[in-house]
file query.cif (mmCIF, C-alpha atoms)
data_model
#
loop_
_atom_site.label_atom_id
_atom_site.label_comp_id
_atom_site.auth_asym_id
_atom_site.auth_seq_id
_atom_site.Cartn_x
_atom_site.Cartn_y
_atom_site.Cartn_z
CA MET A 15 -12.61 11.76 -0.26
CA ILE A 16 -9.51 13.24 -1.85
CA VAL A 17 -5.83 12.36 -1.47
CA ARG A 18 -3.80 15.10 0.19
CA THR A 19 -0.01 14.96 0.34
CA THR A 20 1.48 17.45 2.79
CA GLY A 21 4.53 19.55 2.04
CA GLU A 22 6.49 17.53 4.57
CA ALA A 23 5.79 14.33 2.64
CA ARG A 24 6.42 15.97 -0.72
CA SER A 25 9.83 17.14 0.53
CA LEU A 26 10.78 13.44 0.74
CA GLY A 27 10.13 13.11 -3.00
CA LEU A 28 6.64 11.65 -2.65
CA ARG A 29 4.94 13.58 -5.43
CA HIS A 30 2.72 10.94 -7.01
CA PRO A 31 0.71 8.94 -4.47
CA HIS A 32 -2.30 7.25 -6.03
CA VAL A 33 -5.29 5.70 -4.29
CA TRP A 34 -8.13 3.59 -5.67
CA ARG A 35 -11.39 2.53 -4.05
CA LEU A 36 -12.06 -1.14 -4.78
CA THR A 37 -15.71 -2.18 -4.83
CA ALA A 38 -16.98 -5.71 -5.42
CA GLY A 39 -20.35 -7.43 -5.43
CA ARG A 40 -19.09 -10.09 -3.05
CA PRO A 41 -16.49 -10.12 -0.24
CA LEU A 42 -13.06 -9.15 -1.48
CA LEU A 43 -11.45 -12.02 0.39
CA SER A 44 -13.79 -14.63 -1.07
CA ALA A 45 -12.24 -15.04 -4.53
CA GLU A 46 -9.97 -17.99 -5.26
CA GLY A 47 -6.34 -16.92 -5.39
CA LEU A 48 -3.37 -17.63 -7.63
CA THR A 49 -1.41 -20.84 -7.72
CA ALA A 50 2.35 -20.67 -7.23
CA GLU A 51 2.84 -21.16 -10.98
CA GLU A 52 0.40 -18.38 -11.84
CA ALA A 53 2.01 -16.00 -9.35
CA HIS A 54 5.59 -16.65 -10.45
CA SER A 55 4.69 -16.29 -14.12
CA ARG A 56 3.56 -12.71 -13.55
CA TYR A 57 6.83 -11.16 -12.38
CA ALA A 58 10.57 -11.47 -12.97
CA ALA A 59 12.67 -11.78 -9.83
CA HIS A 60 15.63 -10.20 -11.64
CA GLN A 61 13.70 -7.09 -12.71
CA PRO A 62 15.33 -3.99 -11.17
CA ILE A 63 13.55 -2.28 -8.29
CA PRO A 64 13.56 1.54 -8.35
CA ASP A 65 16.28 2.83 -6.03
CA GLY A 66 13.87 5.52 -4.86
CA TYR A 67 12.48 3.15 -2.24
CA ARG A 68 15.89 2.90 -0.58
CA LYS A 69 16.35 6.67 -0.95
CA LEU A 70 13.04 7.26 0.80
CA LEU A 71 14.05 5.18 3.81
CA ALA A 72 17.44 6.90 3.90
CA GLU A 73 15.71 10.30 3.92
CA LEU A 74 13.61 9.09 6.85
CA GLY A 75 16.82 8.19 8.70
CA TYR A 76 16.76 4.41 8.11
CA PRO A 77 19.35 3.66 5.40
CA SER A 78 19.82 0.07 6.62
CA VAL A 79 16.12 -0.85 6.43
CA ILE A 80 15.25 -3.00 3.41
CA PRO A 81 12.25 -1.74 1.41
CA ALA A 82 9.08 -3.83 1.42
CA GLY A 83 9.39 -4.93 -2.21
CA GLU A 84 12.93 -6.23 -1.73
CA ARG A 85 11.98 -8.02 1.48
CA LEU A 86 9.02 -9.68 -0.20
CA ARG A 87 11.15 -10.91 -3.11
CA GLU A 88 13.58 -12.45 -0.63
CA LEU A 89 10.72 -14.05 1.30
CA VAL A 90 9.07 -15.57 -1.77
CA ALA A 91 12.43 -16.84 -3.02
CA THR A 92 13.05 -18.76 0.20
CA ARG A 93 9.54 -19.94 1.05
CA SER A 94 6.76 -21.59 -0.88
CA TRP A 95 3.98 -19.39 -2.32
CA LYS A 96 0.93 -19.08 -0.08
CA SER A 97 -2.26 -17.72 -1.58
CA HIS A 98 -4.52 -15.35 0.37
CA GLY A 99 -7.22 -14.91 -2.27
CA ALA A 100 -7.27 -13.09 -5.59
CA VAL A 101 -7.26 -9.51 -4.27
CA VAL A 102 -4.42 -9.95 -1.78
CA ASP A 103 -2.50 -12.08 -4.30
CA ALA A 104 -2.85 -9.36 -6.95
CA VAL A 105 -1.39 -6.80 -4.54
CA THR A 106 1.41 -9.21 -3.61
CA VAL A 107 2.37 -9.84 -7.24
CA ALA A 108 2.28 -6.08 -7.98
CA THR A 109 4.64 -5.57 -5.04
CA LEU A 110 6.98 -8.27 -6.37
CA LEU A 111 6.88 -6.87 -9.89
CA HIS A 112 7.28 -3.16 -9.16
CA GLY A 113 9.16 -3.29 -5.84
CA ALA A 114 6.65 -1.02 -4.17
CA GLY A 115 5.05 -1.30 -0.78
CA ILE A 116 1.30 -1.24 -1.48
CA GLY A 117 -1.41 -0.63 1.11
CA LEU A 118 -4.73 -2.49 1.13
CA HIS A 119 -7.17 -1.31 3.78
CA GLN A 120 -10.83 -1.48 4.70
CA ALA A 121 -12.48 1.53 3.07
CA PRO A 122 -14.51 3.99 5.12
CA PRO A 123 -18.15 4.36 4.05
CA SER A 124 -18.83 6.59 1.08
CA GLY A 125 -19.65 10.07 2.33
CA ASP A 126 -17.55 9.58 5.46
CA GLY A 127 -16.09 13.04 4.92
CA ARG A 128 -12.48 12.14 5.66
CA ASP A 129 -9.61 12.53 3.23
CA LEU A 130 -6.63 10.25 2.85
CA VAL A 131 -3.62 12.25 4.05
CA VAL A 132 0.03 11.38 3.38
CA THR A 133 2.29 13.15 5.85
CA ARG A 134 5.01 12.81 8.49
CA ALA A 135 4.37 12.16 12.15
CA VAL A 136 4.53 15.24 14.36
CA GLY A 137 4.41 13.41 17.69
CA GLY A 138 1.61 11.77 19.61
CA GLU A 139 0.42 9.52 16.79
CA ARG A 140 -0.03 5.86 17.69
CA ILE A 141 -0.86 2.69 15.78
CA VAL A 142 -1.87 -0.86 16.63
CA PRO A 143 0.04 -2.88 14.00
CA ALA A 144 -1.77 -5.56 12.04
CA PHE A 145 -1.90 -8.93 13.81
CA SER A 146 -1.16 -7.21 17.13
CA SER A 147 -3.16 -5.80 20.00
CA LYS A 148 -0.54 -3.45 21.42
CA SER A 149 -0.57 0.24 20.56
CA ARG A 150 2.80 1.69 19.58
CA PRO A 151 3.96 5.31 19.30
CA ILE A 152 5.05 6.51 15.87
CA PRO A 153 8.38 8.37 15.97
CA VAL A 154 8.38 12.03 14.97
CA GLY A 155 9.29 12.43 11.30
CA ASP A 156 8.32 8.93 10.19
CA LEU A 157 6.04 8.63 7.18
CA ILE A 158 2.36 7.90 7.82
CA TYR A 159 -0.87 8.02 5.93
CA GLY A 160 -4.40 7.81 7.20
CA LEU A 161 -7.86 9.31 7.35
CA ALA A 162 -8.69 12.77 8.65
CA ARG A 163 -11.07 15.66 8.29
CA ALA A 164 -9.70 19.20 8.28
CA GLY A 165 -8.48 20.10 11.76
CA GLU A 166 -8.86 16.57 13.12
CA THR A 167 -6.22 14.14 14.35
CA LEU A 168 -5.07 11.64 11.74
CA ASP A 169 -6.33 8.07 12.08
CA PRO A 170 -3.32 6.13 10.71
CA LEU A 171 -3.77 3.40 8.14
CA ALA A 172 -0.05 2.69 7.82
CA TRP A 173 3.36 3.68 9.20
CA LEU A 174 6.68 3.59 7.33
CA GLY A 175 9.99 4.09 9.07
CA LYS A 176 12.09 1.69 11.11
CA ARG A 177 8.98 -0.48 10.87
CA ASP A 178 6.59 -0.86 7.96
CA CYS A 179 3.14 -1.84 9.15
CA ASP A 180 -0.57 -1.43 8.56
CA ALA A 181 -3.14 -0.64 11.25
CA ALA A 182 -4.98 -3.61 12.69
CA GLY A 183 -8.22 -1.67 12.93
CA HIS A 184 -8.32 -1.08 9.18
CA GLN A 185 -7.54 -4.58 7.93
CA LEU A 186 -9.95 -6.21 5.52
CA ALA A 187 -12.64 -8.29 7.25
CA PRO A 188 -14.10 -11.51 5.83
CA ASP A 189 -17.20 -9.58 4.71
CA SER A 190 -15.41 -6.48 3.34
CA ARG A 191 -16.62 -5.47 -0.12
CA GLU A 192 -14.78 -2.15 -0.34
CA ALA A 193 -11.13 -1.36 0.16
CA LEU A 194 -8.58 1.38 -0.40
CA LEU A 195 -5.56 0.49 -2.50
CA VAL A 196 -2.74 2.91 -1.64
CA VAL A 197 0.37 3.39 -3.78
CA LEU A 198 2.79 6.03 -2.47
CA GLY A 199 5.38 5.80 -5.23
CA CYS A 200 8.93 6.86 -4.44
CA PRO A 201 11.47 9.62 -5.11
CA GLY A 202 12.70 9.77 -8.69
CA GLU A 203 9.65 8.08 -10.22
CA ASP A 204 6.88 9.92 -12.03
CA ALA A 205 3.12 9.37 -11.92
CA ARG A 206 3.35 6.56 -14.48
CA HIS A 207 5.08 4.33 -11.91
CA SER A 208 2.15 4.63 -9.50
CA GLU A 209 -0.39 4.26 -12.31
CA GLU A 210 1.31 1.10 -13.62
CA ILE A 211 1.08 -0.50 -10.17
CA GLY A 212 -2.66 0.07 -10.10
CA ALA A 213 -2.94 -1.23 -13.66
CA THR A 214 -1.08 -4.40 -12.66
CA VAL A 215 -3.52 -5.07 -9.83
CA ALA A 216 -6.48 -4.48 -12.16
CA ARG A 217 -5.02 -6.78 -14.84
CA ILE A 218 -4.38 -9.66 -12.44
CA LEU A 219 -7.90 -9.40 -11.02
CA ALA A 220 -9.33 -9.42 -14.55
CA GLU A 221 -7.28 -12.50 -15.40
CA ALA A 222 -8.55 -14.15 -12.22
CA ARG A 223 -12.10 -13.25 -13.36
CA PHE A 224 -12.86 -11.46 -10.14
CA GLU A 225 -15.10 -8.52 -10.92
CA VAL A 226 -14.09 -5.46 -8.96
CA ALA A 227 -14.42 -1.78 -9.76
CA MET A 228 -11.27 0.28 -9.20
CA THR A 229 -12.20 3.94 -8.88
CA PRO A 230 -9.35 6.49 -8.58
CA VAL A 231 -9.63 8.75 -5.56
CA PRO A 232 -9.16 12.38 -6.71
CA LEU A 233 -5.84 14.04 -5.93
CA ALA A 234 -5.74 17.42 -4.25
CA PRO A 235 -3.83 20.05 -6.24
CA ALA A 236 -0.23 20.43 -5.08
CA SER A 237 0.16 23.52 -2.95
#
call {"tool": "encode", "arguments": {"input": "query.cif", "output": "C-alpha cells"}}
result
Amino acid sequence: MIVRTTGEARSLGLRHPHVWRLTAGRPLLSAEGLTAEEAHSRYAAHQPIPDGYRKLLAELGYPSVIPAGERLRELVATRSWKSHGAVVDAVTVATLLHGAGIGLHQAPPSGDGRDLVVTRAVGGERIVPAFSSKSRPIPVGDLIYGLARAGETLDPLAWLGKRDCDAAGHQLAPDSREALLVVLGCPGEDARHSEEIGATVARILAEARFEVAMTPVPLAPAS
C-alpha cells in the first residue's frame, strides 16, 4: 500500500496527508481508555486551531460548515467525557489538541494490493455512513479518501464536505487488531503538522501502556 494524493486534492492545498498502519497483539478496542482528568490534561481548549481547516471547507463550497476539530471541542466542553478505549481516546485527544479531523479505519489485509487514495468525488460514489445502514451519494467535488487498485472504483473510507463521515463497512470491529490512522492535514500547514498528530497518538498510547506498532504507509511521489 502507498498513499496517493490526486492533483484534484492537491489543488485544495492538501499536500501532506500521512497514514499509519496500527498493529497490536490484542484487539485495538480492548485497552482501557482515559479518564476525564487524563484526557483534559493532554490538551488546551484555548490552543489555536489552524485556519486551514476552515479554508479547506470553504474551497469545497461549504464555508459555513464547522471543522471536525472545532465541533469536537464544543462537544467536549458541553458534555461529560466518555471513554471509548485507549486507541479511540488517543485519536480523540489528538483531534482536540491539533484541531484536525483524523480517520481511524479497519485496515485491509497486508498484501491486499490497494492503495489509499485521497481525491475528489467525480460522481457515482456512494457511502454508508458509520452507525447507519442507508447508502448516500457523495456530491461531485467533495473530498473523499478510500482504497483502490489502479483502474478500479474507489471504495470510500471517509467523505468530507457538507457532511463529515466515515464508512460503516470500515469501522473497527471488536476483534480488530490492525487499523489505518489517516491524517489529511490542511492548507497552509507543512508536513510537520501531520507528523505531530501521529506523534501525539503514539505518545498517548505509550502513556496508556498499550503496545501498538505505528508503521508509516509510504507516500507516492507528487506528480
call {"tool": "closest_residue", "arguments": {"input": "query.cif", "among": "A:Ala227, A:Leu86, A:Ala104, A:Val79", "to": "Thr49 of chain A", "atoms": "all atoms listed in the file"}}
result
A:Ala104
call {"tool": "resolve_selection", "arguments": {"input": "query.cif", "expression": "the PyMOL selection byres ((chain A and resi 178) around 12)", "output": "VMD selection string"}}
result
chain A and resid 71 76 79 to 83 85 115 to 117 141 143 to 144 152 156 to 159 171 to 177 179 to 181
call {"tool": "resolve_selection", "arguments": {"input": "query.cif", "expression": "the PyMOL selection byres ((chain A and resi 205) around 12)", "output": "ChimeraX atom specification"}}
result
/A:27-33,197-204,206-212,233
call {"tool": "write_last_selection", "arguments": {"input": "query.cif", "atoms": "C-alpha atoms", "output": "PDB file, keeping the file's coordinate frame"}}
result
ATOM      1  CA  GLY A  27      10.130  13.110  -3.000  1.00  0.00           C
ATOM      2  CA  LEU A  28       6.640  11.650  -2.650  1.00  0.00           C
ATOM      3  CA  ARG A  29       4.940  13.580  -5.430  1.00  0.00           C
ATOM      4  CA  HIS A  30       2.720  10.940  -7.010  1.00  0.00           C
ATOM      5  CA  PRO A  31       0.710   8.940  -4.470  1.00  0.00           C
ATOM      6  CA  HIS A  32      -2.300   7.250  -6.030  1.00  0.00           C
ATOM      7  CA  VAL A  33      -5.290   5.700  -4.290  1.00  0.00           C
ATOM      8  CA  VAL A 197       0.370   3.390  -3.780  1.00  0.00           C
ATOM      9  CA  LEU A 198       2.790   6.030  -2.470  1.00  0.00           C
ATOM     10  CA  GLY A 199       5.380   5.800  -5.230  1.00  0.00           C
ATOM     11  CA  CYS A 200       8.930   6.860  -4.440  1.00  0.00           C
ATOM     12  CA  PRO A 201      11.470   9.620  -5.110  1.00  0.00           C
ATOM     13  CA  GLY A 202      12.700   9.770  -8.690  1.00  0.00           C
ATOM     14  CA  GLU A 203       9.650   8.080 -10.220  1.00  0.00           C
ATOM     15  CA  ASP A 204       6.880   9.920 -12.030  1.00  0.00           C
ATOM     16  CA  ARG A 206       3.350   6.560 -14.480  1.00  0.00           C
ATOM     17  CA  HIS A 207       5.080   4.330 -11.910  1.00  0.00           C
ATOM     18  CA  SER A 208       2.150   4.630  -9.500  1.00  0.00           C
ATOM     19  CA  GLU A 209      -0.390   4.260 -12.310  1.00  0.00           C
ATOM     20  CA  GLU A 210       1.310   1.100 -13.620  1.00  0.00           C
ATOM     21  CA  ILE A 211       1.080  -0.500 -10.170  1.00  0.00           C
ATOM     22  CA  GLY A 212      -2.660   0.070 -10.100  1.00  0.00           C
ATOM     23  CA  LEU A 233      -5.840  14.040  -5.930  1.00  0.00           C
TER      24      LEU A 233
END
call {"tool": "closest_residue", "arguments": {"input": "query.cif", "among": "A:Ala108, A:Leu194, A:Ile218, A:Val17", "to": "Trp34 of chain A", "atoms": "only C-alpha atoms"}}
result
A:Leu194
call {"tool": "atom_distance", "arguments": {"input": "query.cif", "atom1": "atom CA of Pro62 of chain A", "atom2": "atom CA of Arg134 of chain A"}}
result
27.8 Å
call {"tool": "atom_distance", "arguments": {"input": "query.cif", "atom1": "atom CA of His98 of chain A", "atom2": "atom CA of Pro188 of chain A"}}
result
11.7 Å
call {"tool": "atom_distance", "arguments": {"input": "query.cif", "atom1": "atom CA of Gly160 of chain A", "atom2": "atom CA of Glu192 of chain A"}}
result
16.2 Å
call {"tool": "axis_aligned_box", "arguments": {"input": "query.cif", "around": "segment 129-146 of chain A", "padding_each_side": "3 Å", "output": "AutoDock Vina command-line options"}}
result
--center_x -2.3 --center_y 3.2 --center_z 11.2 --size_x 20.6 --size_y 30.2 --size_z 22.8
call {"tool": "closest_residue", "arguments": {"input": "query.cif", "among": "A:Gly75, A:Gly183, A:Thr133, A:Tyr67", "to": "Phe145 of chain A", "atoms": "all atoms listed in the file"}}
result
A:Gly183
call {"tool": "resolve_selection", "arguments": {"input": "query.cif", "expression": "the PyMOL selection byres ((chain A and resi 39) around 8)", "output": "short mmCIF file (atom, residue, chain, number, x, y, z; two decimals) with C-alpha atoms, in the coordinates of the input"}}
result
data_model
loop_
_atom_site.label_atom_id
_atom_site.label_comp_id
_atom_site.auth_asym_id
_atom_site.auth_seq_id
_atom_site.Cartn_x
_atom_site.Cartn_y
_atom_site.Cartn_z
CA THR A 37 -15.71 -2.18 -4.83
CA ALA A 38 -16.98 -5.71 -5.42
CA ARG A 40 -19.09 -10.09 -3.05
CA PRO A 41 -16.49 -10.12 -0.24
CA ARG A 191 -16.62 -5.47 -0.12
CA GLU A 225 -15.10 -8.52 -10.92
CA VAL A 226 -14.09 -5.46 -8.96
#
call {"tool": "closest_residue", "arguments": {"input": "query.cif", "among": "A:Val136, A:Val142, A:Val102, A:Ala193", "to": "Leu36 of chain A", "atoms": "all atoms listed in the file"}}
result
A:Ala193
call {"tool": "decode", "arguments": {"input": "query.cif", "residues": "segment 105-125 of chain A", "atoms": "N, CA and C atoms", "output": "short mmCIF file (atom, residue, chain, number, x, y, z; two decimals), in the first residue's frame"}}
result
data_model
loop_
_atom_site.label_atom_id
_atom_site.label_comp_id
_atom_site.auth_asym_id
_atom_site.auth_seq_id
_atom_site.Cartn_x
_atom_site.Cartn_y
_atom_site.Cartn_z
N VAL A 105 -6.95 9.12 19.60
CA VAL A 105 -7.32 9.85 18.39
C VAL A 105 -8.19 11.05 18.74
N THR A 106 -9.09 10.88 19.70
CA THR A 106 -9.95 11.99 20.12
C THR A 106 -9.14 13.13 20.71
N VAL A 107 -8.20 12.81 21.59
CA VAL A 107 -7.38 13.85 22.21
C VAL A 107 -6.50 14.53 21.15
N ALA A 108 -5.97 13.78 20.20
CA ALA A 108 -5.17 14.38 19.13
C ALA A 108 -6.02 15.34 18.30
N THR A 109 -7.27 14.98 18.08
CA THR A 109 -8.19 15.87 17.36
C THR A 109 -8.42 17.15 18.16
N LEU A 110 -8.65 17.01 19.46
CA LEU A 110 -8.87 18.17 20.32
C LEU A 110 -7.64 19.07 20.38
N LEU A 111 -6.47 18.47 20.43
CA LEU A 111 -5.23 19.21 20.56
C LEU A 111 -4.86 19.95 19.28
N HIS A 112 -4.94 19.25 18.15
CA HIS A 112 -4.46 19.80 16.89
C HIS A 112 -5.56 20.39 16.01
N GLY A 113 -6.83 20.12 16.35
CA GLY A 113 -7.93 20.66 15.56
C GLY A 113 -8.18 19.95 14.25
N ALA A 114 -7.59 18.77 14.10
CA ALA A 114 -7.68 18.05 12.83
C ALA A 114 -8.73 16.94 12.90
N GLY A 115 -9.42 16.74 11.80
CA GLY A 115 -10.23 15.54 11.68
C GLY A 115 -9.30 14.37 11.38
N ILE A 116 -9.39 13.30 12.14
CA ILE A 116 -8.47 12.17 12.00
C ILE A 116 -9.30 10.91 11.73
N GLY A 117 -8.92 10.15 10.72
CA GLY A 117 -9.63 8.92 10.40
C GLY A 117 -9.02 7.71 11.08
N LEU A 118 -9.87 6.82 11.56
CA LEU A 118 -9.43 5.55 12.14
C LEU A 118 -10.30 4.46 11.56
N HIS A 119 -9.71 3.58 10.77
CA HIS A 119 -10.48 2.61 10.00
C HIS A 119 -9.88 1.21 10.10
N GLN A 120 -10.73 0.22 9.94
CA GLN A 120 -10.25 -1.16 9.83
C GLN A 120 -9.27 -1.25 8.66
N ALA A 121 -8.11 -1.83 8.89
CA ALA A 121 -7.11 -1.94 7.83
C ALA A 121 -7.38 -3.14 6.94
N PRO A 122 -7.17 -3.01 5.64
CA PRO A 122 -7.25 -4.18 4.77
C PRO A 122 -6.10 -5.12 5.08
N PRO A 123 -6.20 -6.38 4.71
CA PRO A 123 -5.09 -7.31 4.97
C PRO A 123 -3.81 -6.87 4.27
N SER A 124 -2.69 -7.16 4.88
CA SER A 124 -1.41 -6.89 4.23
C SER A 124 -1.36 -7.64 2.91
N GLY A 125 -0.85 -6.99 1.87
CA GLY A 125 -0.80 -7.62 0.56
C GLY A 125 -2.10 -7.51 -0.20
#
